[in-house]
Structure formats: C-alpha cells, structure tokens
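Beneath this line is the structure, given in structure tokens, with notes to follow.
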Amino acid sequence: MGLHPLEFSECYLDSPVFREKIKSHEAELDKTNRFIKELYKDGKNLINATKQLVLAQRKFAQSLGEFQFEYIGDAKTDDERCIDESLQEFSNFLKNLEDQRELMMRNITETLMKPLEKFRKEQLGSAKAERKKYEKETEKYYSSLEKLLNMSAKKKEPQLQEADSQVETIRQHFQEESLDYVCKLQEIQERKKFDCVEPMLAFFQTVFTFYHQGFELANDFNHYKKALQINIQNTRSRFEGTRVEVFELMKRIREVPQEYKQTSPISSEGYLYVQEKRPPPFGSSWVKRYCTFVKEQKILHMVTFDHRSGGKMGETESVTLKSCVRKTTDMLDRRFCLDIEITDRPGTVLTVQSLSEDDHKFWIHAMGGKEPAGQYLGKTYSKERGIDAQLDDVGLSFVKNAINAIETRGINDQGLYRVVGVSSKVQKLLSLMIDEKSNDVDLSTCEDWDVKTITSTLKLYLRSLPEPLMTYGLYKDFIAPAKGGSPESRSQAIHCLVHKLPEKNRLVLGLLLKHLATVAAHSKLNLMTVANLGVVFGPTLMRPQEDTVAAIMDLKFQNIVVEILIEQHEKIFGDVPGPSSPGLSAPTRQSKKLSVRQNRPLAVYNPKKVDLQTVSPTSPDVGSNSDEASLGSNESVSSQSTASGTPPEKANHGRILASLSTGDSPGACIAVAASQLNSGALAKASSDGDKTVDGVTGGGGKRAMAVYPCEAEHESELSFQVGAIFSAVAPSREPGWLEGELEGKKGLIPENYVEML
C-alpha cells in the first residue's frame with residue numbers, strides 16, 4: 001500500500017488517522033524536495049567540472065537509482081510502473097557511459113536544471129506555504145474551541161451567541177484551509193511523476209545526441225525512451241482527468257459538507273472532551289479524545305490526540321456503554337455534556353463534552369440517549385439528471401443513428417470526441433433523440449447538427465443513464481484485472497466480465513466499442529488513438545456509485561479497461577469466453593527489457609504541439625492526449641530538410657541545435673532528437689556503407705532459417721514467415737535475440753524462432 005488518499009470529508013472529522021496520512025504525504029514531499037536539491041547540485045557539477053565528469057556522473061546515477069516515487073492508492077498502472085522504474089534505468093545508462101569520458105554536456109541548464117528548480121520552487125514551495133497556513137489555522141481553531149467550551153454557561157445569551165459565532169467563523173476558515181491543503185498535497189504527489197521525470201528524459205536525450213561515439217548506446221535506449229514518453233503522456237493525460245474530477249468533488253463537498261460527513265451504520269466517530277476526575281484538592285481536568293462508538297456492541301473506543309503537540313497519539317481506552325443521559329447545566333457549568341454509565345466498572349459514570357449543539361444531539365442519538373434527537377447521516381451524492389435517458393429501444397436507435405452519422409460525416413475530424421459541442425445544442429439534440437415522437441431524424445444526412453454536437457450528445461446520453469453501461473455491480477470486478485496481471489490475464493478476465501453484463505448493456509457496449517475501434521483506426525488523421533479514447537470514455541462507460549477521492553484515483557484503471565475493450569473488441573464480443581482450444585503454437589519470445597506495452601496502440605507524447613510522426617514513421621497511431629488546442633501539428637523534420645534541399649543529417653543536427661539554443665521545452669528537444677535517430681542521422685559509424693555495426697558485410701556471415709512465423713512489434717525487429725533465410729546472422733547484445741539481414745533489411749530476430757544453417 002502506497003500513500004493513502006486524503007478524503008475531503010476527513011477534513012471535517014480531522015481524525016488522528018487523517019493527520020497521520022497528512023504527515024506521510026508531507027514526508028514524501030520533503031523527500032522529493034531534498035532529492036531535487038541534490039540532483040540540482042549534481043547537475044551543476046557536470047557543467048562546471050568536466051575534468052571530473054566520471055565522478056560527478058556516478059554520483060548523479062546514484063541519486064537517480066536510490067530515489068523511488070510513492071503512489072496514491074492500492075495499485076499502479078503499467079505507465080506508473082515504468083515511470084517508477086525509469087530512474088533506475090537512467091542510472092544504469094549513466095554507469096555504461098562511465099568509460100567513454102567524452103560525454104558532452106551542453107544546455108543542461110535549460111533542459112534539466114531550470115524545470116526541476118521551477119517545480120521545486122513553484123510546486124513544492126507552494127505546498128510548504130500551504131502547510132504553514134494549515135498549521136496556523138489548526139492552532140487558532142482548537143485554541144478558540146477550547147476557550148469557548150470553557151466558557152461558563154451562566155453568561156448572558158448574547159455573549160454565548162457571539163462566542164459561538166466567532167468560533168464558527170474560525171472553524172469555517174480552518175476547514176476551508178484544510179480542503180485546500182489536502183487538494184494541494186495530492187495534486188503535487190501526482191504531478192511530480194511527470195514534472196520530475198520529463199526534464200531528466202530531456203537531459204538524457206541531449207547527452208546521446210551530442211555524444212557521437214555513444215550512438216550504439218543511444219540506439220539501445222531508443223525503444224525505452226519512446227515507451228517512457230508514452231508512459232508520461234498517458235500519466236499526464238490521466239492526471240488531467242483525475243484533477244478535474246477531484247476539483248468537482250471538492251466543490252460539491254464545500255457546498256454541502258454535511259452531506260458528505262463520513263458516518264457508518266455500525267459506528268459513529270468524532271472528538272469528545274472527557275472529564276478526568278482527580279483526588280481532592282486537585283479537582284478535575286478535560287482531555288480531548290477521538291472517540292469511536294460501535295453501536296451493536298455498545299463499545300466506546302477513546303484515543304487521546306492533541307493537534308498542538310505535533311499530532312502525538314496516545315493509547316486507546318475502550319469502555320462498554322450501559323446508558324447515556326444528557327447532563328444539564330444545572331449539574332455542571334459546561335454546555336453540551338453527557339453522562340455515560342459504563343458496565344466495565346459498575347457505578348462509574350463518565351462525563352463527556354461534545355463540540356457543539358448539533359454534535360451533542362448526534363452523540364445522544366448515536367448512543368441511544370434519553371433525549372430524542374435527529375441523527376445526521378451522510379449520503380451518497382447523486383447527480384441531478386435533467387434528461388430521462390433510458391437504455392431502451394429508443395436509446396439503442398439513437399446510439400446506432402449517432403454512430404452512423406459520425407462514421408459517415410466526421411471519422412477523420414481532428415480531436416473527435418475530445419472537441420465538445422455547445423452545451424445548449426447538445427441538450428436540445430438529446431431531448432429530441434430520446435423523444436419517441438421526434439427521434440426519426442437521420443443524423444448522417446441532417447446538416448443542422450455538426451459532428452462535435454453529435455459526439456457530445458452520445459457521451460451525454462451514456463452519462464445520463466440511471467446506471468453506467470458497465471453497471472455499478474461489476475465496477476470493482478472490471479477494475480481489479482487492470483491493477484495487475486499479464487496482458488493476457490487482463491484480457492481474459494474482462495472478456496468474462498463483459499458476458500456477465502445484461503444483454504442490452506452488452507449489445508450497446510459492443511456497438512460502441514466497434515465504433516471506437518474504427519475511430520482509432522483513423523488516428524493518423526483524427527489523432528484519437530486507443531489511449532486517447534480510453535481517457536474520454538473511461539469515466540463515461542464505468543464509474544463507482546459513490547464519489548470519493550479514492551474512487552477518482554481509479555480513473556486511470558478505467559481508461560485501461562476501455563483500452564483493452566477497444567483493442568480486443570472482436571474477440572470479446574464475438575466469442576463466448578471458454579477454455580482455449582489446444583494446438584501447436586510458437587514458443588514464447590524473449591521479451592526485451594526496455595520494451596513495454598508492446599501490443600498496445602499508444603498515444604504519442606506531444607507537450608508543445610510538436611509533430612512526432614517522425615519519431616516512428618511506421619507507427620499506426622499518431623495523436624495527442626491534450627485538449628483541442630493541442631491537437632495541431634507542425635511540419636516534420638524530414639519535410640523541412642527535403643524542402644530546403646539540405647541533407648537530412650545536417651538539417652536534423654541544425655534543428656536540434658536550434659531547439660536547444662532557443663529554449664524549447666524538454667519534450668520538443670526529445671521529439672527532434674528522436675527524429676534524428678530514426679532518420680539515421682547518427683547511424684553513420686563507418687565510411688563503408690555496406691558493413692553492419694559489427695563489421696559483417698551484408699549477405700555474408702552465418703545463415704539461419706525461420707521455423708516459426710513472426711510479426712515485428714518494433715521497427716528494429718524483422719517480420720518473417722516460416723522458411724525465411726537470414727544472412728549476416730550474429731549474436732545481439734539483447735539476451736534471447738540475434739541480429740540478421742532479410743531481403744536487404746537488417747534487424748533483430750528471436751533466437752528461438754530460427755535454426756542455424
């Protein structure tokens with residue numbers, strides 16, 4: 001279990017456990033701050049101490065290798081796992097560079113130092129400021145509360161009302177600050193995953209670009225670098241979606257906090273001041289304790305906790321309740337008091353004081369006290385639905401109508417499903433389409449409704465259903481396989497779960513996912529890859545029944561489930577799940593350490609509208625996960641060099657220098673450098689163009705024959721059928737792989753797919 005989510009509702013309870021969670025988040029941010037400071041210092045050494053480059057490089061590698069990111073929730077996505085492992089991978093690369101000694105460090109200040117320092121000052125610095133404000137408000141509130149509770153009940157009513165009003169104002173300020181601080185802590189915990197790693201990734205690309213003799217190492221790094229760009233892209237995309245949902249939840253809780261106060265049908269909890277009697281002449285004292293009352297067993301657990309002493313928690317004391325009676329001010333000069341008779345010590349009465357009149361009534365009702373009072377219960381937030389959308393024949397007809405219109409009129413529109421329509425027009429169209437008297441409009445030929453209005457209406461219809469298409473009941477079951485296991489086990493689990501859905505739900509879901517697969521197939525034009533569609537439709541097709549921060553943190557897993565459904569829709573909806581038929585299959589290929597998410601069409605990392613088609617010219621999916629404003633693209637490097645008549649090597653090299661000197665973002669520099677690697681600008685390691693890297697002439701060397709067919713999963717690998725003959729076969733530095741040539745193309749071959757001749 002990583003860091004616990006900080007629920008906004010806990011800001012109102014302010015329990016000891018909640019404070020412990022905050023302390024763990026603060027400790028993690030302090031660790032990150034120290035890490036960035038150390039990394040900044042090490043980077044300066046690399047710039048100013050070139051003669052001691054190896055020593056500084058080892059220290060830098062050590063800093064990267066020892067640091068690990070913490071995560072919120074009970075599981076990580078594949079992207080987060082890769083990001084977590086990325087620092088160790090970076091460390092390994094630096095160690096490999098130790099013997100080369102000719103590494104050129106240029107522009108490291110712009111690509112690494114400034115972004116990290118900016119993150120530390122702006123993000124971690126703001127968190128530190130919020131922390132001070134939070135601690136100040138805590139001290140102010142609990143001091144004023146104790147002063148109020150110690151006030152004599154015999155004072156005049158106007159004085160008591162004025163005191164109550166002052167404390168209520170202070171309490172509101174404290175809770176407002178608590179909400180802001182909790183939100184800030186969790187935002188920075190999520191943000192640091194890409195704000196810290198991305199500048200490091202840019203630094204590494206700069207290193208490889210300027211280190212001509214390190215081309216082979218840079219080439220090995222290429223696959224991992226691309227995959228990590230996608231991991232960062234996907235993590236950032238999910239972060240943006242999660243942040244919107246978190247702010248919406250915070251807004252709703254801020255408007256009606258009482259509806260979200262955490263209560264349980266089996267227990268009640270909150271702070272009580274307990275009177276501790278002492279022998280004469282010492283009198284008595286009142287100690288603040290956090291109390292949990294278990295209703296069925298009638299057990300009251302009490303733990304001492306003082307916010308002003310650094311949040312130190314005392315031991316827990318438990319007593320069994322016999323009766324509870326309101327204590328009047330005639331008997332004790334304090335308000336909001338209760339007398340609790342306990343069975344553990346017959347004849348012993350425990351006097352406690354609640355925090356307010358409402359709190360007083362709450363405890364009387366919870367403990368079955370003699371004074372009747374209304375119990376306050378939290379309730380699950382339910383979205384108001386202005387439109388009565390149902391999963392009936394009318395709704396099914398609209399889904400088919402909308403899909404047909406989108407595929408006919410706008411399948412190639414950039415940002416399809418991301419670019420939203422005008423809200424009033426969307427509401428009007430949905431009202432029209434779910435009305436049996438007027439739903440006969442053919443949207444594929446009707447020009448009154450543009451494509452973005454139709455896509456937004458389809459999403460609104462799905463979100464307005466009384467229950468999500470993938471149902472509340474199966475939500476946790478769908479999320480579970482996305483949190484772990486192999487790609488095959490995830491696919492199998494989701495396959496089985498889909499066939500547990502009600503028939504109409506499964507029918508509509510199948511129609512929709514077939515359509516989304518068609519959209520993804522046109523991603524070169526519409527920029528909507530499978531990953532981007534997962535971000536859009538994850539919270540639309542599946543969502544939990546209750547709104548909590550913990551549930552919002554599962555958004556990233558919802559996206560993964562939808563991605564799997566899109567990629568595997570033919571199998572999932574075409575076949576009834578069952579045992580696989582036996583048969584002869586090819587052996588499992590040795591997976592390459594740096595190859596992650598190999599079988600998944602992925603979005604392309606694009607932080608500053610840079611066209612990354614040059615990163616992978618053969619890739620079927622090119623797109624962006626940002627909003628409509630970032631869906632544009634610039635001319636590729638290769639087109640610029642062709643238009644100017646400059647040889648690709650010089651044009652690409654010049655582009656990189658220009659990017660670095662003009663202060664482009666780390667992502668833009670990465671994109672340009674990646675295009676240079678793919679276009680072969682650095683590949684000329686020898687003047688003899690007919691030789692491979694190992695010096696084996698094309699067509700010569702050892703030969704091998706394919707005994708199984710193979711489909712390449714990366715551009716560095718070869719695709720082939722049974723019986724294909726390879727020449728110039730030699731061992732590869734990647735375990736389980738060979739290097740060879742087939743039909744004039746050089747690449748990697750799985751060792752257990754061939755026999756040597």
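Following the order of the structure tokens, chains are lettered A, B, ..., residues in each are numbered from 1, and ligands are numbered from 1.
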
As an MDAnalysis selection string, please: the residues near range 139-144 of chain A (cut-off 10 Å, only C-alpha atoms, same-chain neighbours under 4 positions excluded).
chainID A and resid 134:135 148:150 163:164 166:175 306:308

For the residues in the current selection, export C-alpha atoms as a tab-separated table (two decimals), in the first residue's frame.
chain	number	residue	atom	x	y	z
A	134	TYR	CA	-2.80	24.96	7.69
A	135	GLU	CA	-0.81	24.61	10.92
A	148	LEU	CA	-15.43	28.55	24.03
A	149	LEU	CA	-16.04	25.24	25.73
A	150	ASN	CA	-14.52	26.51	28.94
A	163	ALA	CA	-18.74	33.48	21.12
A	164	ASP	CA	-20.40	30.65	19.17
A	166	GLN	CA	-16.76	33.69	16.36
A	167	VAL	CA	-15.75	30.04	16.75
A	168	GLU	CA	-17.97	29.03	13.84
A	169	THR	CA	-16.22	31.59	11.59
A	170	ILE	CA	-12.81	30.33	12.69
A	171	ARG	CA	-13.94	26.72	12.14
A	172	GLN	CA	-15.04	27.53	8.59
A	173	HIS	CA	-11.70	29.17	7.86
A	174	PHE	CA	-9.90	26.14	9.26
A	175	GLN	CA	-11.93	23.67	7.21
A	306	ASP	CA	-3.52	16.74	20.72
A	307	HIS	CA	-3.16	18.65	17.46
A	308	ARG	CA	-0.91	21.21	19.08

Determine, counting only C-alpha atoms, which protein, DNA and RNA residues have an atom within 12 Å of an atom of range 723-725 of chain A; residues of the same chain fewer than 5 positions away are not included. Present the result as an mmCIF file with N, CA and C atoms, in the first residue's frame.
data_model
loop_
_atom_site.group_PDB
_atom_site.id
_atom_site.type_symbol
_atom_site.label_atom_id
_atom_site.label_comp_id
_atom_site.auth_asym_id
_atom_site.auth_seq_id
_atom_site.Cartn_x
_atom_site.Cartn_y
_atom_site.Cartn_z
ATOM 1 N N GLY A 699 24.949 -9.802 -46.539
ATOM 2 C CA GLY A 699 24.846 -11.022 -47.331
ATOM 3 C C GLY A 699 25.832 -12.085 -46.925
ATOM 4 N N LYS A 702 27.106 -15.862 -41.002
ATOM 5 C CA LYS A 702 26.313 -17.058 -40.770
ATOM 6 C C LYS A 702 24.897 -16.871 -41.304
ATOM 7 N N ARG A 703 24.255 -18.037 -41.592
ATOM 8 C CA ARG A 703 22.896 -18.015 -42.110
ATOM 9 C C ARG A 703 21.986 -18.808 -41.182
ATOM 10 N N ALA A 704 20.691 -18.474 -41.199
ATOM 11 C CA ALA A 704 19.700 -19.161 -40.368
ATOM 12 C C ALA A 704 18.383 -19.225 -41.115
ATOM 13 N N MET A 705 17.523 -20.198 -40.702
ATOM 14 C CA MET A 705 16.212 -20.363 -41.339
ATOM 15 C C MET A 705 15.118 -20.261 -40.285
ATOM 16 N N ALA A 706 14.003 -19.559 -40.621
ATOM 17 C CA ALA A 706 12.884 -19.395 -39.699
ATOM 18 C C ALA A 706 12.094 -20.693 -39.596
ATOM 19 N N VAL A 707 11.789 -21.122 -38.365
ATOM 20 C CA VAL A 707 10.968 -22.318 -38.154
ATOM 21 C C VAL A 707 9.588 -21.945 -37.606
ATOM 22 N N TYR A 708 9.376 -20.662 -37.288
ATOM 23 C CA TYR A 708 8.069 -20.159 -36.888
ATOM 24 C C TYR A 708 7.867 -18.794 -37.528
ATOM 25 N N PRO A 709 6.630 -18.414 -37.823
ATOM 26 C CA PRO A 709 6.386 -17.056 -38.345
ATOM 27 C C PRO A 709 6.470 -16.036 -37.214
ATOM 28 N N CYS A 710 6.756 -14.797 -37.577
ATOM 29 C CA CYS A 710 6.916 -13.739 -36.565
ATOM 30 C C CYS A 710 6.471 -12.408 -37.148
ATOM 31 N N LEU A 718 12.492 -7.758 -37.264
ATOM 32 C CA LEU A 718 12.140 -8.229 -38.599
ATOM 33 C C LEU A 718 10.865 -9.064 -38.549
ATOM 34 N N GLY A 740 20.360 -9.962 -37.779
ATOM 35 C CA GLY A 740 20.496 -10.567 -39.099
ATOM 36 C C GLY A 740 19.921 -9.687 -40.182
ATOM 37 N N GLU A 741 19.972 -10.186 -41.413
ATOM 38 C CA GLU A 741 19.512 -9.430 -42.570
ATOM 39 C C GLU A 741 18.557 -10.297 -43.378
ATOM 40 N N LEU A 742 17.435 -9.709 -43.814
ATOM 41 C CA LEU A 742 16.439 -10.406 -44.624
ATOM 42 C C LEU A 742 15.950 -9.461 -45.706
ATOM 43 N N GLU A 743 16.158 -9.875 -46.970
ATOM 44 C CA GLU A 743 15.722 -9.082 -48.124
ATOM 45 C C GLU A 743 16.260 -7.657 -48.049
ATOM 46 N N GLY A 744 17.517 -7.526 -47.661
ATOM 47 C CA GLY A 744 18.174 -6.222 -47.628
ATOM 48 C C GLY A 744 17.903 -5.388 -46.394
ATOM 49 N N ILE A 749 16.067 -10.673 -34.481
ATOM 50 C CA ILE A 749 15.344 -11.918 -34.725
ATOM 51 C C ILE A 749 15.272 -12.680 -33.396
ATOM 52 N N TYR A 753 13.188 -18.698 -32.645
ATOM 53 C CA TYR A 753 12.319 -18.805 -33.811
ATOM 54 C C TYR A 753 13.063 -19.317 -35.039
ATOM 55 N N VAL A 754 14.399 -19.517 -34.921
ATOM 56 C CA VAL A 754 15.202 -19.882 -36.096
ATOM 57 C C VAL A 754 16.133 -21.040 -35.770
ATOM 58 N N GLU A 755 16.623 -21.678 -36.837
ATOM 59 C CA GLU A 755 17.669 -22.696 -36.737
ATOM 60 C C GLU A 755 18.849 -22.251 -37.583
ATOM 61 N N MET A 756 20.060 -22.403 -37.023
ATOM 62 C CA MET A 756 21.257 -22.009 -37.764
ATOM 63 C C MET A 756 21.528 -23.008 -38.883
ATOM 64 N N LEU A 757 21.962 -22.522 -40.025
ATOM 65 C CA LEU A 757 22.296 -23.359 -41.177
ATOM 66 C C LEU A 757 23.808 -23.551 -41.247
#

Could you give me, as number ranges by chain, each residue of range 30-275 of chain A that DSSP assigns to strand (DSSP E or B) when run on this structure's backbone?
A: 72, 267-275

If you count only C-alpha atoms, which residues fall within 8 Å of range 341-351 of chain A, apart from same-chain ones fewer than 5 positions away, as a short mmCIF file (atom, residue, chain, number, x, y, z; two decimals) with all heavy atoms, in the first residue's frame?
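That gives us selection23.cif:
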data_model
loop_
_atom_site.label_atom_id
_atom_site.label_comp_id
_atom_site.auth_asym_id
_atom_site.auth_seq_id
_atom_site.Cartn_x
_atom_site.Cartn_y
_atom_site.Cartn_z
N VAL A 274 -13.31 14.50 27.53
CA VAL A 274 -13.64 13.57 28.60
C VAL A 274 -13.15 14.15 29.94
O VAL A 274 -11.98 14.56 30.07
CB VAL A 274 -12.99 12.19 28.35
CG1 VAL A 274 -13.36 11.22 29.47
CG2 VAL A 274 -13.42 11.64 26.99
N GLN A 275 -14.05 14.15 30.92
CA GLN A 275 -13.69 14.66 32.25
C GLN A 275 -12.91 13.58 33.01
O GLN A 275 -13.38 12.45 33.16
CB GLN A 275 -14.94 15.05 33.05
CG GLN A 275 -14.62 15.68 34.40
CD GLN A 275 -15.87 15.99 35.20
OE1 GLN A 275 -16.83 15.23 35.16
NE2 GLN A 275 -15.86 17.11 35.91
N VAL A 319 -14.44 1.28 26.60
CA VAL A 319 -15.41 1.02 27.66
C VAL A 319 -16.72 0.56 27.02
O VAL A 319 -16.99 0.85 25.86
CB VAL A 319 -15.67 2.27 28.53
CG1 VAL A 319 -14.42 2.68 29.27
CG2 VAL A 319 -16.19 3.41 27.67
N THR A 320 -17.52 -0.19 27.77
CA THR A 320 -18.81 -0.68 27.28
C THR A 320 -19.93 0.17 27.86
O THR A 320 -20.02 0.36 29.08
CB THR A 320 -19.01 -2.15 27.67
OG1 THR A 320 -17.93 -2.92 27.16
CG2 THR A 320 -20.31 -2.69 27.07
N LEU A 321 -20.76 0.69 26.98
CA LEU A 321 -21.81 1.63 27.38
C LEU A 321 -23.02 0.90 27.96
O LEU A 321 -23.48 -0.11 27.41
CB LEU A 321 -22.24 2.45 26.15
CG LEU A 321 -23.33 3.48 26.36
CD1 LEU A 321 -22.75 4.69 27.08
CD2 LEU A 321 -23.91 3.92 25.02
N LYS A 322 -23.55 1.42 29.08
CA LYS A 322 -24.79 0.90 29.65
C LYS A 322 -25.94 1.85 29.37
O LYS A 322 -27.02 1.45 28.95
CB LYS A 322 -24.62 0.69 31.16
CG LYS A 322 -25.88 0.13 31.83
CD LYS A 322 -25.64 -0.10 33.32
CE LYS A 322 -26.91 -0.67 33.98
NZ LYS A 322 -26.71 -0.88 35.44
N SER A 323 -25.69 3.14 29.58
CA SER A 323 -26.72 4.15 29.32
C SER A 323 -26.06 5.49 29.04
O SER A 323 -24.89 5.70 29.36
CB SER A 323 -27.68 4.27 30.51
OG SER A 323 -26.99 4.77 31.65
N CYS A 324 -26.86 6.38 28.46
CA CYS A 324 -26.35 7.72 28.13
C CYS A 324 -27.45 8.74 28.45
O CYS A 324 -28.59 8.60 27.99
CB CYS A 324 -25.98 7.78 26.65
SG CYS A 324 -25.55 9.43 26.07
#
